[in-house]
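Student: Pasting in a structure now, in structure tokens, and then I'll have a few things to ask.
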Amino acid sequence: AFAKEAGYPLMVKASLGGGGRGMRVVRTEEELPDMIERAKSEALKAFGSDEIYVEKLIERPKHIEVQIIGDAHGNIIHLFERDCSVQRRHQKVVEVAPCVTLSDEGRQKICDAAVTLMKHVGYENAGTVEFLVTQDESFYFIEVNPRVQVEHTITEMITGVDIVQTQIRVAEGESLHSDLVGIPQQEDIKMLGFAIQSRITSEDPENGFLPDTGKIKAYRSPGGFGVRLDGGNAYVGAEISPYYDSLLVKISTHGLTYDQAVAKMRRNLSEFRIRGIKTNIPFLSNVLKHHAFVSGDYNTSFIDDTQELFIFPKRQDRGTKLLTYIGEVSVNGFPGIG
């Protein structure tokens, strides 16, 4: 009944979904039964429940999420929005805070809508309210994520609010505006500059982003002012298996302007050295260099529509080859010499 009323295309989604799993686009009535079964099957395997729902598909929108924190005293504030539109198969790849192209009026409307919703349900603790936003800044509610998300780091960088510590204090019964938590009233919460987060994974972008496995032979991370690293499985000697999440490390950069944050991220990606396994760094570098990303003029179809993101220079890896050769000769000697 909903399909007939809303019209096609539609999106079938897992009720307990996340990470782009349990989602199917339906463009015709004939596709609907098959896509429902596929979504249910994937949802059951991923989340232990095959419960799904159907919503209207908004094509080529921005994916904007608003960070919310509420306490047990009836206080709810927002920490502005993040642009999570750079996605591959509905999974976020690069996030920006705040959204570069959103007008001040559009930002106010979306953030106010998020706060209104969460006040209505009496929400407590950290969470995000997610929207799809069209080019004319019309916006459509998607879902609420009642948890801290991977990309919370960039909101922390532009607001100065420690979201993880705050949610713990709130769970202990503290007020958001107490001296211990220290978050000011909504009108006094300000943004400073822009921040970007990239997720570095052990995936091979030249082979359909298949997870790569092996031992990390060399690992060097960058740093500097306005750079944050959230470590995962990346260190020398780490065995990367196929049984865990492929995320190695998150890197976030902050600048007073969006261009500064972009330049800082590009430099830091180029300074990473991870050897022994394939990573998605070449792909991330292409995203950060692309004119659409630099201008902020991208949407959720950016990666699917931009084939030049998948053209990579041949990696020389001279340092690792030289060290391997020196080690071989030091241990086993040079062929022909006793």
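In the structure tokens, chains take the letters A, B, ... in the order shown, each chain's residues start at 1, and ligands count up from 1 in the order shown.
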Would you pick out the contacts of A:Val25 at 12 Å or less, using only C-alpha atoms, so that residues sharing its chain but fewer than 3 positions from it are not included, and give the list as a ChimeraX atom specification?

Tutor: /A:8-13,20,22,28-29,31-36,38-39,54-59,89-90

Student: Hey, what's within 9 Å of stretch 76-82 of chain A if we count only C-alpha atoms and toss same-chain stuff fewer than 4 positions away? As a VMD selection string, please?

Tutor: chain A and resid 63 to 71 95 to 99 107 to 108 110 to 112 114 to 115 118 to 119 122 to 125 151 to 152 154 to 156 159 161 176 185 to 186 189 to 191

Student: Hey, can you check how far atom CA of A:Thr253 sits from atom CA of A:Ala218?

Tutor: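 Between these atoms lies a distance of 23.0 Å.
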
Student: From a DSSP calculation on the backbone, collect every residue of stretch 96-300 of chain A in strand (DSSP E or B) and output the set as an MDAnalysis selection string.

Tutor: chainID A and resid 96:97 125:133 139:145 194:201 203:204 210:211 214:215 218:220 227:231 239:240 247:255 273:275

Student: Extract, using only C-alpha atoms, all DNA, RNA and protein residues at most 7 Å from stretch 282-296 of chain A, discarding same-chain residues fewer than 6 positions from it, and format them as a PyMOL selection string.

Tutor: chain A and resi 100-101+205+262+266+269+309-310+312

Student: Go through A:Ile52, A:Leu229, A:Val249, A:Gly7 one by one, measure the shortest atom-to-atom distance of each to A:Val26 using only C-alpha atoms, and give the residue with the smallest value.

Tutor: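 Closest to A:Val26 of all the choices is A:Gly7.
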
Student: Could you jot down the atom CA of A:Gly226 to atom CA of A:Asp188 separation for me, Å, one decimal place?

Tutor: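 For atom CA of A:Gly226 relative to atom CA of A:Asp188, the distance reads 22.9 Å.
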
Student: Could you jot down the atom CA of A:Ile251 to atom CA of A:Ser198 separation for me, Å, one decimal place?

Tutor: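 It comes out at 5.5 Å.
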
Student: Select, from A:Arg88, A:Lys215, A:His254, A:Arg228, the residue with the minimum atom-to-atom distance to A:Ser241, counting only C-alpha atoms.

Tutor: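 Nearest candidate to A:Ser241 out of A:Arg88, A:Lys215, A:His254, A:Arg228: A:Lys215.
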
Student: Which residues come within 6 Å of stretch 276-278 of chain A, counting only C-alpha atoms, excluding same-chain residues fewer than 5 positions away, as a PyMOL selection string?

Tutor: chain A and resi 202+204+212+214-217

Student: Would you export the selected residues with C-alpha atoms as a PDB file, in the first residue's frame, please?

Tutor:
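Output below, filename result.pdb:
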ATOM      1  CA  SER A 202      42.784  -2.709   4.772  1.00  0.00           C
ATOM      2  CA  ASP A 204      42.242  -3.017  -2.038  1.00  0.00           C
ATOM      3  CA  ASP A 212      43.308  -7.524   2.220  1.00  0.00           C
ATOM      4  CA  GLY A 214      48.600 -10.230   5.962  1.00  0.00           C
ATOM      5  CA  LYS A 215      51.183  -8.806   8.359  1.00  0.00           C
ATOM      6  CA  ILE A 216      51.931  -5.094   8.536  1.00  0.00           C
ATOM      7  CA  LYS A 217      55.669  -4.829   7.780  1.00  0.00           C
TER       8      LYS A 217
END
